[in-house]
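Asks: Got a file for you: structure_24.txt, compact mmCIF, C-alpha atoms.
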```txt
# COMPACT_ATOMS: atom_id res chain seq x y z
CA MET A 165 -75.12 203.56 -49.00
CA SER A 166 -72.81 200.56 -49.01
CA ARG A 167 -69.71 202.79 -49.16
CA VAL A 168 -70.93 204.68 -46.06
CA SER A 169 -72.03 201.65 -44.08
CA LEU A 170 -69.02 199.45 -44.77
CA PRO A 171 -66.65 201.17 -42.32
CA VAL A 172 -69.35 201.06 -39.67
CA GLU A 173 -69.81 197.32 -40.19
CA ARG A 174 -66.06 196.77 -39.95
CA VAL A 175 -65.86 198.76 -36.71
CA ALA A 176 -68.76 196.79 -35.26
CA LEU A 177 -67.11 193.51 -36.25
CA LEU A 178 -63.82 194.63 -34.73
CA ILE A 179 -65.48 195.53 -31.41
CA HIS A 180 -67.37 192.24 -31.40
CA THR A 181 -64.18 190.25 -31.84
CA LEU A 182 -62.24 192.01 -29.05
CA PRO A 183 -61.33 189.77 -26.09
CA MET A 184 -63.80 189.87 -23.20
CA SER A 185 -61.14 191.18 -20.81
CA GLU A 186 -60.64 194.31 -22.95
CA THR A 187 -64.35 195.18 -23.07
CA ALA A 188 -65.22 194.16 -19.51
CA VAL A 189 -62.75 196.49 -17.79
CA PRO A 190 -64.38 199.76 -18.97
CA GLN A 191 -67.78 198.36 -17.99
CA ARG A 192 -66.59 197.62 -14.49
CA LEU A 193 -65.01 201.03 -14.15
CA ALA A 194 -68.21 202.66 -15.36
CA ASP A 195 -70.38 201.02 -12.69
CA PRO A 196 -71.54 204.05 -10.65
CA ARG A 197 -72.72 202.00 -7.67
CA LYS A 198 -69.31 200.43 -7.14
CA SER A 199 -67.63 203.81 -7.56
CA ARG A 200 -69.90 205.38 -4.96
CA LYS A 201 -69.31 202.48 -2.58
CA ARG A 202 -65.54 202.78 -2.93
CA LEU A 203 -65.71 206.52 -2.40
CA SER A 204 -67.93 206.19 0.67
CA THR A 205 -65.63 203.54 2.11
CA ALA A 206 -62.57 205.72 1.52
CA LEU A 207 -64.23 208.75 3.13
CA PHE A 208 -65.34 206.76 6.15
CA LEU A 209 -62.05 204.94 6.73
CA ALA A 210 -59.96 208.08 6.32
CA GLY A 211 -62.24 210.09 8.59
CA PHE A 212 -62.31 207.42 11.28
CA LEU A 213 -58.62 206.56 11.24
CA LEU A 214 -57.52 210.17 11.41
CA ARG A 215 -59.85 211.00 14.29
CA PHE A 216 -59.22 207.83 16.25
CA GLY A 217 -55.51 208.20 15.62
CA PHE A 218 -55.78 211.67 17.10
CA VAL A 219 -57.50 210.21 20.18
CA LEU A 220 -54.65 207.74 20.65
CA TRP A 221 -51.94 210.29 19.91
CA GLN A 222 -53.29 212.93 22.29
CA ARG A 223 -54.63 210.33 24.76
CA THR A 224 -57.91 212.20 25.03
CA TYR A 225 -59.48 209.04 26.51
CA ILE A 226 -57.67 209.69 29.81
CA GLN A 227 -59.38 211.89 32.39
CA TRP A 228 -56.45 213.94 33.67
CA PRO A 229 -56.78 215.58 37.12
CA GLY A 230 -58.50 218.95 36.91
CA LYS A 231 -59.74 218.38 33.36
CA ALA A 232 -63.41 218.17 32.41
CA TYR A 233 -62.77 215.85 29.44
CA PRO A 234 -63.55 213.28 28.27
CA PHE A 235 -66.35 212.29 30.65
CA ALA A 236 -67.66 215.84 31.24
CA MET A 237 -70.56 215.76 33.70
CA GLU A 238 -74.26 215.10 33.16
CA VAL A 239 -74.26 212.42 30.46
CA SER A 240 -71.55 210.32 32.09
CA SER A 241 -72.94 210.76 35.61
CA ILE A 242 -76.40 209.55 34.56
CA ALA A 243 -74.79 206.71 32.60
CA ALA A 244 -72.76 205.65 35.63
CA HIS A 245 -75.88 205.50 37.81
CA LEU A 246 -77.68 203.49 35.13
CA ALA A 247 -74.77 201.05 34.90
CA ARG A 248 -74.84 200.60 38.69
CA GLY A 249 -78.57 199.81 38.58
CA GLN A 250 -79.60 203.09 40.25
CA GLY A 251 -81.95 204.17 37.49
CA TYR A 252 -81.95 207.26 35.32
CA SER A 253 -80.78 209.69 37.98
CA SER A 254 -78.19 212.04 39.44
CA PRO A 255 -76.68 214.21 36.68
CA PHE A 256 -74.07 215.83 38.98
CA LEU A 257 -72.14 212.77 40.28
CA HIS A 258 -73.80 212.75 43.73
CA ASP A 259 -76.95 210.72 44.37
CA THR A 260 -79.73 213.28 43.99
CA GLY A 261 -82.60 211.18 42.69
CA PRO A 262 -84.45 210.82 39.36
CA THR A 263 -83.67 213.23 36.56
CA ALA A 264 -84.88 214.41 33.17
CA TRP A 265 -81.98 216.87 32.84
CA VAL A 266 -80.69 215.23 29.66
CA SER A 267 -82.60 213.33 26.98
CA PRO A 268 -82.09 209.59 27.37
CA ALA A 269 -80.52 208.28 24.15
CA TYR A 270 -76.90 209.23 24.77
CA PRO A 271 -76.72 208.42 28.51
CA ILE A 272 -78.19 204.99 27.73
CA LEU A 273 -75.55 204.42 25.02
CA VAL A 274 -72.76 205.45 27.41
CA ALA A 275 -74.25 203.29 30.18
CA ALA A 276 -74.15 200.25 27.88
CA VAL A 277 -70.43 200.85 27.28
CA PHE A 278 -69.84 201.39 31.01
CA LYS A 279 -71.56 198.11 31.75
CA VAL A 280 -69.18 196.18 29.48
CA PHE A 281 -65.89 198.09 29.80
CA GLY A 282 -66.13 199.64 33.24
CA ILE A 283 -67.57 202.81 34.76
CA TYR A 284 -65.35 205.83 34.10
CA SER A 285 -62.57 203.55 32.84
CA ASN A 286 -60.05 204.48 30.17
CA ALA A 287 -61.31 201.52 28.13
CA SER A 288 -64.86 202.86 28.20
CA ALA A 289 -63.70 206.32 27.20
CA LEU A 290 -61.70 204.84 24.32
CA VAL A 291 -64.71 202.87 23.07
CA ILE A 292 -67.11 205.81 23.29
CA LEU A 293 -64.71 208.23 21.64
CA GLY A 294 -64.17 205.58 18.96
CA LEU A 295 -67.92 205.44 18.37
CA GLN A 296 -68.00 209.23 18.12
CA CYS A 297 -65.13 209.16 15.63
CA ALA A 298 -67.13 206.67 13.56
CA MET A 299 -70.17 208.98 13.69
CA ALA A 300 -68.06 211.93 12.54
CA ALA A 301 -66.55 209.83 9.75
CA ALA A 302 -70.01 208.73 8.60
CA THR A 303 -71.02 212.40 8.59
CA GLY A 304 -68.38 212.99 5.91
CA VAL A 305 -70.04 210.35 3.73
CA LEU A 306 -73.44 212.00 4.17
CA ILE A 307 -71.97 215.44 3.45
CA TYR A 308 -70.97 214.16 0.03
CA ALA A 309 -74.45 212.71 -0.54
CA LEU A 310 -76.20 215.91 0.58
CA GLY A 311 -73.95 218.15 -1.48
CA LYS A 312 -74.39 215.95 -4.55
CA ARG A 313 -78.20 216.11 -4.30
CA THR A 314 -78.37 219.85 -3.66
CA LEU A 315 -75.38 221.96 -4.68
CA GLY A 316 -73.51 219.68 -7.07
CA GLU A 317 -71.33 216.59 -6.90
CA LYS A 318 -68.01 218.45 -6.99
CA ILE A 319 -69.11 220.70 -4.12
CA GLY A 320 -70.26 217.71 -2.08
CA LEU A 321 -67.03 215.80 -2.75
CA SER A 322 -64.81 218.77 -1.88
CA ALA A 323 -66.72 219.44 1.35
CA ALA A 324 -66.61 215.77 2.32
CA TRP A 325 -62.83 215.53 1.93
CA ILE A 326 -62.28 218.78 3.82
CA TRP A 327 -64.49 217.48 6.64
CA THR A 328 -62.49 214.26 6.62
CA PHE A 329 -59.02 215.82 6.80
CA CYS A 330 -59.41 219.21 8.51
CA PRO A 331 -58.47 218.98 12.23
CA ILE A 332 -60.87 221.76 13.24
CA PHE A 333 -63.72 219.26 12.76
CA PHE A 334 -62.03 216.71 15.06
CA ARG A 335 -62.51 218.81 18.20
CA TRP A 336 -65.68 217.54 19.82
CA PRO A 337 -65.98 213.90 18.68
CA ALA A 338 -62.38 213.18 19.68
CA SER A 339 -62.39 214.78 23.11
CA TRP A 340 -65.76 215.05 24.86
CA ILE A 341 -68.31 212.33 25.58
CA TRP A 342 -71.50 214.08 24.52
CA ASP A 343 -74.01 213.99 21.67
CA PHE A 344 -72.20 216.44 19.35
CA ALA A 345 -71.13 213.90 16.71
CA ALA A 346 -74.49 212.14 16.83
CA SER A 347 -76.33 215.45 16.41
CA ALA A 348 -74.34 216.45 13.31
CA LEU A 349 -74.80 213.00 11.78
CA LEU A 350 -78.54 212.93 12.50
CA LEU A 351 -79.13 216.40 11.07
CA VAL A 352 -77.37 215.68 7.76
CA GLY A 353 -79.27 212.41 7.55
CA LEU A 354 -82.59 214.14 8.21
CA LEU A 355 -81.96 216.66 5.43
CA LEU A 356 -81.12 213.83 3.02
CA ILE A 357 -84.25 211.87 3.94
CA SER A 358 -86.39 215.01 3.58
CA LEU A 359 -85.07 215.45 0.04
CA ARG A 360 -85.85 211.81 -0.72
CA VAL A 361 -89.39 212.15 0.66
CA ALA A 362 -89.98 215.31 -1.37
CA GLU A 363 -88.90 213.49 -4.54
CA SER A 364 -90.41 210.04 -4.07
CA GLY A 365 -93.33 210.56 -1.69
CA SER A 366 -93.24 206.89 -0.68
CA ARG A 367 -94.64 205.93 2.68
CA LYS A 368 -91.45 204.01 3.43
CA HIS A 369 -89.42 207.22 3.27
CA TRP A 370 -92.02 209.16 5.26
CA LEU A 371 -91.79 206.55 8.02
CA LEU A 372 -88.01 206.62 7.87
CA LEU A 373 -88.15 210.40 8.34
CA GLY A 374 -90.38 209.96 11.40
CA THR A 375 -88.13 207.26 12.85
CA VAL A 376 -84.95 209.31 12.55
CA TRP A 377 -86.69 212.37 13.97
CA GLY A 378 -87.82 210.30 16.94
CA VAL A 379 -84.24 209.19 17.57
CA ALA A 380 -83.01 212.78 17.15
CA ALA A 381 -85.57 214.06 19.66
CA LEU A 382 -84.30 211.58 22.26
CA THR A 383 -80.69 212.47 21.46
CA ASN A 384 -80.66 216.27 21.17
CA PRO A 385 -84.02 218.10 21.36
CA ALA A 386 -82.36 221.29 20.08
CA LEU A 387 -82.53 219.74 16.61
CA LEU A 388 -86.33 219.81 16.72
CA SER A 389 -86.34 223.46 15.65
CA ILE A 390 -85.56 222.14 12.14
CA LEU A 391 -88.38 219.56 12.17
CA PRO A 392 -91.19 221.80 10.79
CA PHE A 393 -88.99 222.79 7.87
CA THR A 394 -88.09 219.23 6.92
CA PHE A 395 -91.74 218.19 7.00
CA GLY A 396 -92.79 221.37 5.22
CA TYR A 397 -90.22 220.83 2.48
CA ALA A 398 -91.26 217.20 2.04
CA ALA A 399 -94.97 218.08 1.95
CA PHE A 400 -94.43 220.93 -0.54
CA GLY A 401 -92.42 218.66 -2.85
CA ASN A 402 -95.17 216.06 -2.85
CA ASP A 403 -97.92 218.61 -3.32
CA ARG A 404 -96.12 220.22 -6.25
CA ASN A 405 -95.91 216.83 -7.96
CA GLY A 406 -99.59 216.10 -7.38
CA ARG A 407 -99.10 213.39 -4.78
CA LYS A 408 -101.28 212.83 -1.72
CA TRP A 409 -99.14 213.41 1.34
CA LEU A 410 -101.32 214.28 4.34
CA THR A 411 -101.88 210.68 5.47
CA ASN A 412 -98.18 209.86 5.15
CA LEU A 413 -97.23 212.98 7.09
CA ALA A 414 -99.68 212.04 9.84
CA CYS A 415 -98.21 208.53 10.03
CA SER A 416 -94.72 209.99 10.28
CA VAL A 417 -95.70 212.34 13.10
CA LEU A 418 -97.48 209.53 14.96
CA LEU A 419 -94.31 207.45 14.69
CA ILE A 420 -92.30 210.26 16.29
CA LEU A 421 -94.81 210.45 19.14
CA ALA A 422 -94.70 206.67 19.57
CA ILE A 423 -90.90 206.76 19.87
CA VAL A 424 -90.76 209.59 22.42
CA SER A 425 -93.90 208.69 24.40
CA PRO A 426 -92.30 206.03 26.69
CA TRP A 427 -89.83 208.66 27.90
CA ALA A 428 -92.60 211.25 28.34
CA ILE A 429 -94.76 208.74 30.23
CA ARG A 430 -91.84 207.87 32.49
CA ASN A 431 -91.36 211.56 33.30
CA GLU A 432 -95.07 212.03 34.01
CA VAL A 433 -95.05 209.08 36.40
CA VAL A 434 -91.80 210.04 38.14
CA PHE A 435 -92.27 213.81 38.44
CA GLY A 436 -96.05 214.11 38.44
CA HIS A 437 -96.28 216.56 35.56
CA PRO A 438 -95.48 216.52 31.84
CA ILE A 439 -91.83 216.73 30.75
CA LEU A 440 -91.71 215.78 27.09
CA LEU A 441 -87.95 215.51 26.48
CA ARG A 442 -85.78 217.27 29.09
CA SER A 443 -86.32 219.55 32.03
CA ASN A 444 -83.38 221.94 32.18
CA PHE A 445 -84.29 224.76 29.77
CA TRP A 446 -85.12 227.38 32.41
CA PHE A 447 -81.99 226.54 34.35
CA GLU A 448 -79.88 227.06 31.22
CA PHE A 449 -81.76 230.28 30.52
CA HIS A 450 -81.03 231.53 34.02
CA LEU A 451 -77.36 230.57 33.64
CA GLY A 452 -76.97 233.20 30.93
CA ASN A 453 -79.50 235.82 32.10
CA TYR A 454 -79.19 237.65 35.39
CA HIS A 455 -78.30 241.20 36.40
CA TYR A 456 -74.73 242.07 35.31
CA SER A 457 -74.44 238.79 33.42
CA ASN A 458 -71.82 238.51 30.70
CA GLY A 459 -74.25 236.32 28.75
CA MET A 460 -71.88 233.37 28.59
CA GLY A 461 -73.40 230.99 31.13
CA TYR A 462 -71.92 231.54 34.57
CA LEU A 463 -70.59 228.29 36.09
CA GLY A 464 -70.94 229.80 39.55
CA PHE A 465 -74.66 229.07 39.25
CA HIS A 466 -74.10 225.49 38.09
CA PRO A 467 -74.67 222.53 40.46
CA GLY A 468 -71.86 220.68 38.72
CA ALA A 469 -69.35 223.41 39.60
CA ASN A 470 -70.63 225.05 42.80
CA PRO A 471 -71.30 222.96 45.97
CA ARG A 472 -73.77 225.59 47.20
CA GLU A 473 -75.85 225.20 44.05
CA LEU A 474 -75.63 221.42 44.30
CA ARG A 475 -77.05 221.61 47.83
CA ARG A 476 -79.86 223.83 46.61
CA TYR A 477 -80.54 221.37 43.76
CA ALA A 478 -80.63 218.41 46.20
CA GLU A 479 -82.85 220.23 48.71
CA LEU A 480 -85.38 221.54 46.20
CA GLY A 481 -85.31 218.49 43.95
CA GLU A 482 -84.73 218.80 40.23
CA GLN A 483 -88.14 220.23 39.37
CA GLY A 484 -88.13 222.60 42.33
CA TYR A 485 -84.66 223.78 41.36
CA VAL A 486 -85.71 224.39 37.75
CA GLN A 487 -88.74 226.37 38.96
CA TRP A 488 -86.48 228.45 41.21
CA ALA A 489 -84.20 229.19 38.22
CA LYS A 490 -87.22 230.09 36.08
CA SER A 491 -88.53 232.48 38.73
CA ALA A 492 -85.14 234.19 39.05
CA ALA A 493 -84.81 234.49 35.26
CA MET A 494 -88.31 235.94 34.85
CA ASP A 495 -87.60 238.49 37.59
CA PHE A 496 -84.53 239.54 35.63
CA LEU A 497 -86.57 239.91 32.42
CA ARG A 498 -89.17 242.08 34.16
CA GLN A 499 -86.66 244.27 35.95
CA HIS A 500 -83.96 244.58 33.25
CA PRO A 501 -85.53 244.14 29.80
CA ARG A 502 -82.98 246.39 28.11
CA GLU A 503 -80.07 244.46 29.60
CA PHE A 504 -81.63 241.23 28.33
CA ALA A 505 -82.06 242.71 24.84
CA GLU A 506 -78.43 243.82 24.77
CA LEU A 507 -77.24 240.40 25.92
CA THR A 508 -79.35 238.73 23.23
CA LEU A 509 -77.87 240.92 20.51
CA ASP A 510 -74.37 240.22 21.79
CA ARG A 511 -74.98 236.47 21.91
CA THR A 512 -76.29 236.54 18.35
CA LEU A 513 -72.84 237.72 17.25
CA TRP A 514 -70.93 235.59 19.74
CA PHE A 515 -72.52 232.37 18.50
CA TRP A 516 -70.79 232.95 15.16
CA ASP A 517 -67.56 234.80 15.99
CA GLY A 518 -66.16 232.51 18.70
CA THR A 519 -66.05 235.08 21.50
CA SER A 520 -67.29 232.37 23.86
CA ILE A 521 -64.00 230.50 23.34
CA LEU A 522 -62.24 233.22 25.36
CA TYR A 523 -64.36 232.29 28.39
CA GLN A 524 -63.76 228.53 28.21
CA GLY A 525 -60.30 228.42 29.79
CA ASP A 526 -58.09 225.65 28.43
CA GLU A 527 -59.31 225.56 24.84
CA TRP A 528 -57.70 224.10 21.71
CA TRP A 529 -58.40 227.01 19.40
CA ARG A 530 -58.88 230.76 19.30
CA PRO A 531 -61.68 232.82 17.78
CA TRP A 532 -59.67 233.56 14.64
CA LYS A 533 -59.82 229.85 13.84
CA PHE A 534 -63.56 229.74 14.49
CA TRP A 535 -65.21 232.71 12.78
CA PRO A 536 -63.93 232.27 9.16
CA LEU A 537 -66.29 229.31 8.62
CA SER A 538 -69.18 231.46 9.84
CA VAL A 539 -68.33 234.28 7.43
CA THR A 540 -67.94 232.05 4.38
CA ALA A 541 -71.08 230.06 5.20
CA TRP A 542 -73.20 233.21 5.45
CA LEU A 543 -71.73 234.59 2.22
CA GLY A 544 -72.51 231.28 0.54
CA PHE A 545 -76.01 231.50 1.98
CA ILE A 546 -76.53 234.83 0.18
CA PHE A 547 -75.80 233.16 -3.16
CA LEU A 548 -78.04 230.27 -2.09
CA LEU A 549 -80.96 232.68 -1.66
CA THR A 550 -80.42 234.28 -5.05
CA ARG A 551 -79.91 231.04 -7.01
CA ARG A 552 -82.14 228.72 -4.98
CA PRO A 553 -80.77 225.26 -5.80
CA ARG A 554 -82.56 222.14 -4.68
CA GLY A 555 -83.03 221.98 -0.92
CA TRP A 556 -82.16 225.60 -0.23
CA PRO A 557 -84.91 226.04 2.45
CA LEU A 558 -83.29 223.25 4.48
CA TYR A 559 -79.97 225.09 4.54
CA ALA A 560 -81.81 228.29 5.46
CA ALA A 561 -83.42 226.56 8.45
CA CYS A 562 -80.03 225.34 9.67
CA LEU A 563 -78.44 228.80 9.59
CA ILE A 564 -81.40 230.94 10.66
CA VAL A 565 -83.58 228.78 12.91
CA TYR A 566 -81.30 226.28 14.67
CA PRO A 567 -79.17 228.91 16.53
CA LEU A 568 -82.16 230.93 17.84
CA PRO A 569 -82.39 229.28 21.31
CA TYR A 570 -78.69 229.95 21.94
CA TYR A 571 -79.14 233.66 21.26
CA PHE A 572 -81.49 233.77 24.26
CA VAL A 573 -79.60 231.37 26.54
CA TYR A 574 -75.82 231.47 25.98
CA PRO A 575 -73.47 230.61 23.10
CA VAL A 576 -70.73 228.02 23.34
CA ALA A 577 -68.52 226.93 20.44
CA LYS A 578 -69.63 223.30 20.75
CA TYR A 579 -73.24 224.19 19.92
CA ARG A 580 -72.30 225.20 16.37
CA TYR A 581 -70.94 221.75 15.55
CA ALA A 582 -74.38 220.31 14.71
CA ILE A 583 -74.72 222.60 11.68
CA GLU A 584 -71.06 222.74 10.64
CA PRO A 585 -71.56 220.13 7.86
CA GLU A 586 -74.12 222.43 6.22
CA MET A 587 -71.89 225.45 6.85
CA LEU A 588 -68.99 223.69 5.16
CA LEU A 589 -71.13 222.88 2.12
CA LEU A 590 -72.19 226.53 1.87
CA THR A 591 -68.54 227.58 2.12
CA ILE A 592 -67.54 225.36 -0.79
CA TYR A 593 -70.64 226.57 -2.66
CA LEU A 594 -69.40 230.15 -2.21
CA GLY A 595 -66.03 229.22 -3.68
CA SER A 596 -67.69 227.45 -6.59
CA VAL A 597 -69.94 230.39 -7.43
CA LEU A 598 -67.09 232.91 -7.20
CA TRP A 599 -64.88 230.74 -9.41
CA SER A 600 -67.68 230.41 -11.95
CA GLU A 601 -68.28 234.16 -12.01
CA LEU A 602 -64.55 234.81 -12.34
CA SER A 603 -64.34 232.41 -15.28
CA ILE A 604 -67.26 234.14 -17.00
CA TRP A 605 -65.65 237.52 -16.44
CA ARG A 606 -62.34 236.35 -17.85
CA ALA A 607 -64.05 234.83 -20.90
CA ALA A 608 -65.92 238.07 -21.52
CA ARG A 609 -62.73 240.10 -21.14
CA ASP A 610 -60.80 237.85 -23.51
CA SER A 611 -63.64 237.99 -26.02
CA ALA A 612 -63.75 241.79 -25.85
CA SER A 613 -59.97 242.11 -26.25
CA ALA A 614 -60.02 239.78 -29.24
```
Spell out the structure here as structure tokens.

Replies:
Amino acid sequence: MSRVSLPVERVALLIHTLPMSETAVPQRLADPRKSRKRLSTALFLAGFLLRFGFVLWQRTYIQWPGKAYPFAMEVSSIAAHLARGQGYSSPFLHDTGPTAWVSPAYPILVAAVFKVFGIYSNASALVILGLQCAMAAATGVLIYALGKRTLGEKIGLSAAWIWTFCPIFFRWPASWIWDFAASALLLVGLLLISLRVAESGSRKHWLLLGTVWGVAALTNPALLSILPFTFGYAAFGNDRNGRKWLTNLACSVLLILAIVSPWAIRNEVVFGHPILLRSNFWFEFHLGNYHYSNGMGYLGFHPGANPRELRRYAELGEQGYVQWAKSAAMDFLRQHPREFAELTLDRTLWFWDGTSILYQGDEWWRPWKFWPLSVTAWLGFIFLLTRRPRGWPLYAACLIVYPLPYYFVYPVAKYRYAIEPEMLLLTIYLGSVLWSELSIWRAARDSASA
């Protein structure tokens, strides 16, 4: 025994007598929290600097004559009226009275910037686009976290760096003042929180989920199609682990209602009937559905592009105008159901293949740059269904459920951006699975040949 233990004792003594500097360095390097913090900081700074550098290089903060960017229309128009003290009103530049056309979170944010840096000024545009670049950069950090918790750390890290460096993901945050970057960031965050709730079941995380969903509802109501699946996933995870979850779920839902209720009450008071989040659905539906429509959303029917439609909007009032659009759209459905079905099938493809880009005039990319991510994401989704890693129903909801409203209304390339983080993760997952299968095949071949 002494002959065996003596070398061990000597090794232990040698380690004990090493200088502190030699033993402390590996310990510091092995600290996972510091490593994660450094990685997150690097992802965020690289993502922000590249995007904001692009804004400065291309001067996308300047509203050139004849261009829609960066201020676009509805969000900035409402924000300008708020900054002037005219209330939440007038989405189409002209004074047309109170509105619920757009949910309030983003116009209020833009109005706050307008108030400090000037209405429609280059400085305001630069600040807002900078905020959007920061949101997109933070999305890269959350992509890594989501990938790590669901598909694997290497997949999450690869997707995060691609998101950070690939210019195709710069498009909307760096050019157009709208909620695109906020929507993508919120959705990734909601999926992460749902995973945490499913694993921990703590009331704190349930309430955090409700809070972020309340903010998301006031930012982009289109995200709400994913809400039942996040709550369902969280509830199922708690139930499977034998935890009580119904009370926590109820508290989370009540928190959502508490966050959105002031806006809903305001709409009830102003318009005299319930409008929970925004009022423009039937108008948007009509924009893409009429006899001989191309299904792309005809700007000739838009008050922001056609003075005749703006006059109609002003004369009927916002709610009267929306009811007129609804009536026209329902007449189309009754008279031309087959045409509507064909348009819906076409739009289902167009949402993914980038055909809508051809109808957007001065665009930065072409469909061949757009559809490859759709193809690889759906192929990755097939492997996701067969292997079912952690969180797979959340990815399924993003790909299957989120796009459904756009199939019935009209597809535009910008609408896909909210789920592109999840699509990118599925793309890297596809590559990982194929590489793994190829390695197994090669090993089997080499073994057989040996």

Asks: Applying 12 Å and only C-alpha atoms, which residues near Lys312 of chain A remain after dropping the ones on its own chain fewer than 4 positions away? List them as a PyMOL selection string.

Replies: chain A and resi 200+305-308+316-324+356+359+553-555+589+593

Asks: Neighbouring residues of Ser389 of chain A were defined as those with any atom within 12 Å, considering all atoms listed in the file; residues of the same chain fewer than 6 positions away were excluded. Please report them as a tab-separated table (two decimals) with C-alpha atoms, keeping the file's coordinate frame.

Replies:
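Generated file (out.tsv):
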```tsv
chain	number	residue	atom	x	y	z
A	351	LEU	CA	-79.13	216.40	11.07
A	377	TRP	CA	-86.69	212.37	13.97
A	380	ALA	CA	-83.01	212.78	17.15
A	381	ALA	CA	-85.57	214.06	19.66
A	395	PHE	CA	-91.74	218.19	7.00
A	558	LEU	CA	-83.29	223.25	4.48
A	561	ALA	CA	-83.42	226.56	8.45
A	562	CYS	CA	-80.03	225.34	9.67
A	563	LEU	CA	-78.44	228.80	9.59
A	564	ILE	CA	-81.40	230.94	10.66
A	565	VAL	CA	-83.58	228.78	12.91
A	566	TYR	CA	-81.30	226.28	14.67
A	567	PRO	CA	-79.17	228.91	16.53
A	568	LEU	CA	-82.16	230.93	17.84
A	569	PRO	CA	-82.39	229.28	21.31
A	570	TYR	CA	-78.69	229.95	21.94
```

Asks: Give me, please, the distance in Å between atom CA of Trp528 of chain A and atom CA of Tyr581 of chain A, quoted to one decimal.

Replies: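 Interatomic distance here is 14.8 Å.
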
Asks: Kindly give the distance, in Å, that separates atom CA of Leu387 of chain A and atom CA of Leu354 of chain A, rounded to a single decimal.

Replies: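 According to the coordinates, atom CA of Leu387 of chain A and atom CA of Leu354 of chain A are separated by 10.1 Å.
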
Asks: Which residues are close to segment 253-270 of chain A, i.e. within 7 Å by only C-alpha atoms, leaving aside same-chain residues fewer than 4 positions away? Reply as a tab-separated table (two decimals) with C-alpha atoms, keeping the file's coordinate frame.

Replies:
```tsv
chain	number	residue	atom	x	y	z
A	237	MET	CA	-70.56	215.76	33.70
A	238	GLU	CA	-74.26	215.10	33.16
A	239	VAL	CA	-74.26	212.42	30.46
A	241	SER	CA	-72.94	210.76	35.61
A	242	ILE	CA	-76.40	209.55	34.56
A	245	HIS	CA	-75.88	205.50	37.81
A	274	VAL	CA	-72.76	205.45	27.41
A	343	ASP	CA	-74.01	213.99	21.67
A	382	LEU	CA	-84.30	211.58	22.26
A	383	THR	CA	-80.69	212.47	21.46
A	384	ASN	CA	-80.66	216.27	21.17
A	441	LEU	CA	-87.95	215.51	26.48
A	442	ARG	CA	-85.78	217.27	29.09
A	443	SER	CA	-86.32	219.55	32.03
A	444	ASN	CA	-83.38	221.94	32.18
A	467	PRO	CA	-74.67	222.53	40.46
A	468	GLY	CA	-71.86	220.68	38.72
A	478	ALA	CA	-80.63	218.41	46.20
A	482	GLU	CA	-84.73	218.80	40.23
```

Asks: Taking all atoms listed in the file into account, name the residue in A:Trp605, A:Phe333, A:Trp556, A:Phe572 that is nearest to Gly211 of chain A.

Replies: A:Phe333
